[in-house]
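Below is upload-v7.pdb, which holds PDB, C-alpha atoms.
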ATOM      1  CA  MET A   1    -151.735  94.282  -9.777  1.00  0.00           C
ATOM      2  CA  VAL A   2    -151.351  94.927  -6.045  1.00  0.00           C
ATOM      3  CA  PRO A   3    -147.802  95.087  -4.674  1.00  0.00           C
ATOM      4  CA  PRO A   4    -146.900  92.115  -2.398  1.00  0.00           C
ATOM      5  CA  SER A   5    -146.459  94.290   0.710  1.00  0.00           C
ATOM      6  CA  ARG A   6    -150.083  95.421   0.466  1.00  0.00           C
ATOM      7  CA  ILE A   7    -151.403  91.887  -0.111  1.00  0.00           C
ATOM      8  CA  ASP A   8    -149.726  90.604   3.101  1.00  0.00           C
ATOM      9  CA  ALA A   9    -150.958  93.513   5.188  1.00  0.00           C
ATOM     10  CA  ALA A  10    -154.568  93.468   4.021  1.00  0.00           C
ATOM     11  CA  PRO A  11    -155.755  90.326   5.892  1.00  0.00           C
ATOM     12  CA  CYS A  12    -154.234  91.584   9.198  1.00  0.00           C
ATOM     13  CA  MET A  13    -155.765  95.047   9.108  1.00  0.00           C
ATOM     14  CA  GLY A  14    -157.656  95.675  12.334  1.00  0.00           C
ATOM     15  CA  LYS A  15    -156.429  92.527  14.097  1.00  0.00           C
ATOM     16  CA  ARG A  16    -154.550  92.896  17.340  1.00  0.00           C
ATOM     17  CA  PRO A  17    -152.370  90.348  19.106  1.00  0.00           C
ATOM     18  CA  ALA A  18    -154.188  88.080  21.606  1.00  0.00           C
ATOM     19  CA  TRP A  19    -152.631  89.836  24.597  1.00  0.00           C
ATOM     20  CA  ALA A  20    -153.913  93.193  23.355  1.00  0.00           C
ATOM     21  CA  ARG A  21    -157.439  91.838  22.902  1.00  0.00           C
ATOM     22  CA  ALA A  22    -157.350  90.413  26.445  1.00  0.00           C
ATOM     23  CA  LEU A  23    -156.139  93.673  28.001  1.00  0.00           C
ATOM     24  CA  PRO A  24    -159.609  95.256  28.525  1.00  0.00           C
ATOM     25  CA  LEU A  25    -160.852  92.040  30.138  1.00  0.00           C
ATOM     26  CA  LEU A  26    -157.822  91.927  32.430  1.00  0.00           C
ATOM     27  CA  ALA A  27    -158.322  95.570  33.406  1.00  0.00           C
ATOM     28  CA  ALA A  28    -161.992  94.940  34.223  1.00  0.00           C
ATOM     29  CA  ALA A  29    -161.059  91.916  36.361  1.00  0.00           C
ATOM     30  CA  LEU A  30    -158.499  93.942  38.297  1.00  0.00           C
ATOM     31  CA  VAL A  31    -160.985  96.731  38.968  1.00  0.00           C
ATOM     32  CA  ALA A  32    -163.590  94.206  40.144  1.00  0.00           C
ATOM     33  CA  ALA A  33    -161.066  92.549  42.490  1.00  0.00           C
ATOM     34  CA  TRP A  34    -159.836  95.850  43.962  1.00  0.00           C
ATOM     35  CA  PRO A  35    -160.880  96.185  47.606  1.00  0.00           C
ATOM     36  CA  VAL A  36    -163.763  98.550  48.157  1.00  0.00           C
ATOM     37  CA  HIS A  37    -163.237 100.923  51.048  1.00  0.00           C
ATOM     38  CA  ALA A  38    -166.498 101.799  52.703  1.00  0.00           C
ATOM     39  CA  ALA A  39    -166.964 105.145  54.322  1.00  0.00           C
ATOM     40  CA  ALA A  40    -165.931 105.268  57.952  1.00  0.00           C
ATOM     41  CA  PRO A  41    -168.827 104.467  60.275  1.00  0.00           C
ATOM     42  CA  ALA A  42    -170.472 107.272  62.192  1.00  0.00           C
ATOM     43  CA  ARG A  43    -169.482 107.725  65.835  1.00  0.00           C
ATOM     44  CA  PRO A  44    -171.903 105.584  67.864  1.00  0.00           C
ATOM     45  CA  ALA A  45    -174.163 107.354  70.332  1.00  0.00           C
ATOM     46  CA  ARG A  46    -173.328 104.724  72.977  1.00  0.00           C
ATOM     47  CA  LEU A  47    -169.538 105.080  72.630  1.00  0.00           C
ATOM     48  CA  GLY A  48    -169.042 107.140  75.798  1.00  0.00           C
ATOM     49  CA  LEU A  49    -168.959 104.428  78.447  1.00  0.00           C
ATOM     50  CA  CYS A  50    -166.949 102.055  76.235  1.00  0.00           C
ATOM     51  CA  ALA A  51    -164.422 104.807  75.517  1.00  0.00           C
ATOM     52  CA  ALA A  52    -163.818 105.357  79.229  1.00  0.00           C
ATOM     53  CA  CYS A  53    -161.835 102.101  79.346  1.00  0.00           C
ATOM     54  CA  HIS A  54    -161.229 101.071  75.719  1.00  0.00           C
ATOM     55  CA  GLY A  55    -160.631 104.553  74.318  1.00  0.00           C
ATOM     56  CA  GLU A  56    -162.655 106.315  71.642  1.00  0.00           C
ATOM     57  CA  THR A  57    -160.356 104.914  68.943  1.00  0.00           C
ATOM     58  CA  GLY A  58    -160.104 101.481  70.530  1.00  0.00           C
ATOM     59  CA  VAL A  59    -156.748 102.024  72.227  1.00  0.00           C
ATOM     60  CA  ALA A  60    -157.229 101.025  75.871  1.00  0.00           C
ATOM     61  CA  GLN A  61    -157.035 103.859  78.399  1.00  0.00           C
ATOM     62  CA  ILE A  62    -156.549 101.747  81.528  1.00  0.00           C
ATOM     63  CA  PRO A  63    -154.330  98.759  82.350  1.00  0.00           C
ATOM     64  CA  GLY A  64    -156.064  95.432  81.804  1.00  0.00           C
ATOM     65  CA  ALA A  65    -158.578  96.707  79.262  1.00  0.00           C
ATOM     66  CA  PRO A  66    -157.996  95.199  75.823  1.00  0.00           C
ATOM     67  CA  HIS A  67    -157.445  97.261  72.697  1.00  0.00           C
ATOM     68  CA  LEU A  68    -160.494  96.963  70.414  1.00  0.00           C
ATOM     69  CA  ALA A  69    -159.235  98.877  67.371  1.00  0.00           C
ATOM     70  CA  GLY A  70    -159.068  96.715  64.268  1.00  0.00           C
ATOM     71  CA  GLN A  71    -160.757  93.667  65.800  1.00  0.00           C
ATOM     72  CA  LYS A  72    -163.119  91.808  63.477  1.00  0.00           C
ATOM     73  CA  ALA A  73    -166.627  93.271  63.651  1.00  0.00           C
ATOM     74  CA  ASP A  74    -168.256  89.822  63.888  1.00  0.00           C
ATOM     75  CA  TYR A  75    -166.090  88.931  66.879  1.00  0.00           C
ATOM     76  CA  LEU A  76    -166.814  92.232  68.651  1.00  0.00           C
ATOM     77  CA  ARG A  77    -170.546  92.007  67.944  1.00  0.00           C
ATOM     78  CA  GLU A  78    -170.769  88.486  69.355  1.00  0.00           C
ATOM     79  CA  ALA A  79    -168.621  89.326  72.403  1.00  0.00           C
ATOM     80  CA  LEU A  80    -170.831  92.334  73.183  1.00  0.00           C
ATOM     81  CA  ARG A  81    -173.964  90.194  72.896  1.00  0.00           C
ATOM     82  CA  GLN A  82    -172.454  87.625  75.248  1.00  0.00           C
ATOM     83  CA  TYR A  83    -171.636  90.301  77.818  1.00  0.00           C
ATOM     84  CA  ARG A  84    -175.108  91.815  77.513  1.00  0.00           C
ATOM     85  CA  ASP A  85    -176.878  88.454  77.767  1.00  0.00           C
ATOM     86  CA  GLY A  86    -174.712  87.190  80.661  1.00  0.00           C
ATOM     87  CA  ARG A  87    -173.035  84.385  78.695  1.00  0.00           C
ATOM     88  CA  ARG A  88    -169.712  86.070  79.530  1.00  0.00           C
ATOM     89  CA  ASN A  89    -169.882  86.601  83.242  1.00  0.00           C
ATOM     90  CA  VAL A  90    -167.969  89.848  83.699  1.00  0.00           C
ATOM     91  CA  PRO A  91    -170.072  92.070  85.967  1.00  0.00           C
ATOM     92  CA  LEU A  92    -168.237  95.279  84.983  1.00  0.00           C
ATOM     93  CA  MET A  93    -168.890  94.696  81.277  1.00  0.00           C
ATOM     94  CA  ARG A  94    -172.486  93.650  81.866  1.00  0.00           C
ATOM     95  CA  ALA A  95    -173.105  96.822  83.868  1.00  0.00           C
ATOM     96  CA  ALA A  96    -171.343  98.964  81.253  1.00  0.00           C
ATOM     97  CA  ILE A  97    -173.358  97.537  78.361  1.00  0.00           C
ATOM     98  CA  GLY A  98    -176.697  97.477  80.155  1.00  0.00           C
ATOM     99  CA  PRO A  99    -179.891  96.974  78.144  1.00  0.00           C
ATOM    100  CA  VAL A 100    -178.497  97.860  74.717  1.00  0.00           C
ATOM    101  CA  SER A 101    -180.128  96.926  71.406  1.00  0.00           C
ATOM    102  CA  ASP A 102    -178.577  94.728  68.730  1.00  0.00           C
ATOM    103  CA  ALA A 103    -178.442  97.807  66.473  1.00  0.00           C
ATOM    104  CA  ASP A 104    -176.362  99.666  69.075  1.00  0.00           C
ATOM    105  CA  LEU A 105    -174.052  96.668  69.439  1.00  0.00           C
ATOM    106  CA  ASP A 106    -173.638  96.558  65.650  1.00  0.00           C
ATOM    107  CA  GLU A 107    -172.702 100.259  65.602  1.00  0.00           C
ATOM    108  CA  LEU A 108    -170.102  99.761  68.325  1.00  0.00           C
ATOM    109  CA  ALA A 109    -168.641  96.687  66.621  1.00  0.00           C
ATOM    110  CA  ARG A 110    -168.411  98.473  63.248  1.00  0.00           C
ATOM    111  CA  TRP A 111    -166.855 101.540  64.881  1.00  0.00           C
ATOM    112  CA  TYR A 112    -164.103  99.708  66.727  1.00  0.00           C
ATOM    113  CA  SER A 113    -163.336  97.341  63.849  1.00  0.00           C
ATOM    114  CA  ALA A 114    -162.862 100.353  61.529  1.00  0.00           C
ATOM    115  CA  GLN A 115    -160.276 101.970  63.840  1.00  0.00           C
ATOM    116  CA  THR A 116    -156.533 101.599  63.224  1.00  0.00           C
ATOM    117  CA  PRO A 117    -154.992  98.985  65.530  1.00  0.00           C
ATOM    118  CA  HIS A 118    -152.507 100.144  68.156  1.00  0.00           C
ATOM    119  CA  VAL A 119    -148.906  99.237  67.349  1.00  0.00           C
ATOM    120  CA  GLN A 120    -146.665  98.887  70.364  1.00  0.00           C
ATOM    121  CA  GLY A 121    -143.044  99.940  70.026  1.00  0.00           C
ATOM    122  CA  ASN A 122    -140.116  97.807  71.140  1.00  0.00           C
ATOM    123  CA  PRO A 123    -138.986  98.549  74.699  1.00  0.00           C
TER     124      PRO A 123
END

What would you get if you wrote out this structure as structure tokens?
Amino acid sequence: MVPPSRIDAAPCMGKRPAWARALPLLAAALVAAWPVHAAAPARPARLGLCAACHGETGVAQIPGAPHLAGQKADYLREALRQYRDGRRNVPLMRAAIGPVSDADLDELARWYSAQTPHVQGNP
């Protein structure tokens, strides 16, 4: 005859609590939801003229020029297209952009959106 302690334990052998069985699924979900950090974009070939006013890292170098660091890439891309195509009538920007391709505009937008935004201190 089998002792009672062994009879009770036998049916549960190998079974884990529900939370323990769900743990691998939870871990996989957390890994899948974790933000993926893409490699920093390469420095655009056409950055030079932009950097003269907006800075290489998107922190404006002259008064009146907006900071571009950390702006959304879609916004920057569309704004650059509008300047290039004349839909934003700012002669200085149109002259600075000149006849640039969509690929160049994409590179510039990705570059500036990947930069760390400028944080101003309290006066």

Mind telling me what the PyMOL selection byres ((chain A and resi 113) around 6) catches here, as a PyMOL selection string?
chain A and resi 69-73+110-112+114-115

What would the selection look like, as a count of residues only, if the PyMOL selection byres ((chain A and resi 57) around 12) were run on the coordinates I just shared?
31

Straight-line distance linking atom CA of A:Met93 with atom CA of A:Leu49, stated in Å to one decimal
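It comes out at 10.1 Å.
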
Pull out every residue that the PyMOL selection byres ((chain A and resi 97) around 12) matches in the shown coordinates and put them as a list in words.
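Output of the PyMOL selection byres ((chain A and resi 97) around 12): Arg46, Leu47, Gly48, Leu49, Cys50, Ala51, Ala79, Leu80, Arg81, Gln82, Tyr83, Arg84, Asp85, Gly86, Val90, Pro91, Leu92, Met93, Arg94, Ala95, Ala96, Gly98, Pro99, Val100, Ser101, Asp102, Asp104, Leu105 and Leu108 of chain A.
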
Pairwise distance, atom CA of A:Pro63 with atom CA of A:Tyr75, equals 21.8 Å

Computed interatomic separation between atom CA of A:Leu76 and atom CA of A:Asn89 (Å):
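Spanning atom CA of A:Leu76 to atom CA of A:Asn89 is a straight-line distance of 15.9 Å.
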
Return the single residue from A:Asp74, A:Arg21, A:Gly64, A:Asp106 that is closest to A:Ala42, with distances computed using all atoms listed in the file.
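Of A:Asp74, A:Arg21, A:Gly64, A:Asp106, the one nearest A:Ala42 is A:Asp106, counting all atoms listed in the file.
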
Using the partial input, fill out stretch 49-62 of chain A with N, CA and C atoms; write the result as a PDB file, in the coordinates of the input.
ATOM      1  N   LEU A  49    -169.367 105.304  77.355  1.00  0.00           N
ATOM      2  CA  LEU A  49    -168.959 104.428  78.447  1.00  0.00           C
ATOM      3  C   LEU A  49    -167.888 103.437  77.998  1.00  0.00           C
ATOM      4  N   CYS A  50    -167.977 102.970  76.776  1.00  0.00           N
ATOM      5  CA  CYS A  50    -166.949 102.055  76.235  1.00  0.00           C
ATOM      6  C   CYS A  50    -165.603 102.766  76.177  1.00  0.00           C
ATOM      7  N   ALA A  51    -165.648 104.029  75.707  1.00  0.00           N
ATOM      8  CA  ALA A  51    -164.422 104.807  75.517  1.00  0.00           C
ATOM      9  C   ALA A  51    -163.712 105.099  76.830  1.00  0.00           C
ATOM     10  N   ALA A  52    -164.442 105.086  77.936  1.00  0.00           N
ATOM     11  CA  ALA A  52    -163.818 105.357  79.229  1.00  0.00           C
ATOM     12  C   ALA A  52    -162.699 104.360  79.527  1.00  0.00           C
ATOM     13  N   CYS A  53    -162.867 103.121  79.115  1.00  0.00           N
ATOM     14  CA  CYS A  53    -161.835 102.101  79.346  1.00  0.00           C
ATOM     15  C   CYS A  53    -161.077 101.733  78.065  1.00  0.00           C
ATOM     16  N   HIS A  54    -161.823 101.567  76.967  1.00  0.00           N
ATOM     17  CA  HIS A  54    -161.229 101.071  75.719  1.00  0.00           C
ATOM     18  C   HIS A  54    -160.766 102.176  74.788  1.00  0.00           C
ATOM     19  N   GLY A  55    -161.030 103.431  75.141  1.00  0.00           N
ATOM     20  CA  GLY A  55    -160.631 104.553  74.318  1.00  0.00           C
ATOM     21  C   GLY A  55    -161.589 104.770  73.154  1.00  0.00           C
ATOM     22  N   GLU A  56    -161.745 106.010  72.746  1.00  0.00           N
ATOM     23  CA  GLU A  56    -162.655 106.315  71.642  1.00  0.00           C
ATOM     24  C   GLU A  56    -162.198 105.659  70.342  1.00  0.00           C
ATOM     25  N   THR A  57    -160.886 105.534  70.166  1.00  0.00           N
ATOM     26  CA  THR A  57    -160.356 104.914  68.943  1.00  0.00           C
ATOM     27  C   THR A  57    -159.961 103.457  69.160  1.00  0.00           C
ATOM     28  N   GLY A  58    -160.368 102.894  70.288  1.00  0.00           N
ATOM     29  CA  GLY A  58    -160.104 101.481  70.530  1.00  0.00           C
ATOM     30  C   GLY A  58    -158.757 101.179  71.141  1.00  0.00           C
ATOM     31  N   VAL A  59    -158.023 102.210  71.535  1.00  0.00           N
ATOM     32  CA  VAL A  59    -156.748 102.024  72.227  1.00  0.00           C
ATOM     33  C   VAL A  59    -157.042 102.177  73.714  1.00  0.00           C
ATOM     34  N   ALA A  60    -156.845 101.080  74.462  1.00  0.00           N
ATOM     35  CA  ALA A  60    -157.229 101.025  75.871  1.00  0.00           C
ATOM     36  C   ALA A  60    -156.630 102.172  76.673  1.00  0.00           C
ATOM     37  N   GLN A  61    -157.436 102.730  77.572  1.00  0.00           N
ATOM     38  CA  GLN A  61    -157.035 103.859  78.399  1.00  0.00           C
ATOM     39  C   GLN A  61    -156.597 103.445  79.799  1.00  0.00           C
ATOM     40  N   ILE A  62    -156.913 102.201  80.189  1.00  0.00           N
ATOM     41  CA  ILE A  62    -156.549 101.747  81.528  1.00  0.00           C
ATOM     42  C   ILE A  62    -155.875 100.383  81.422  1.00  0.00           C
TER      43      ILE A  62
END
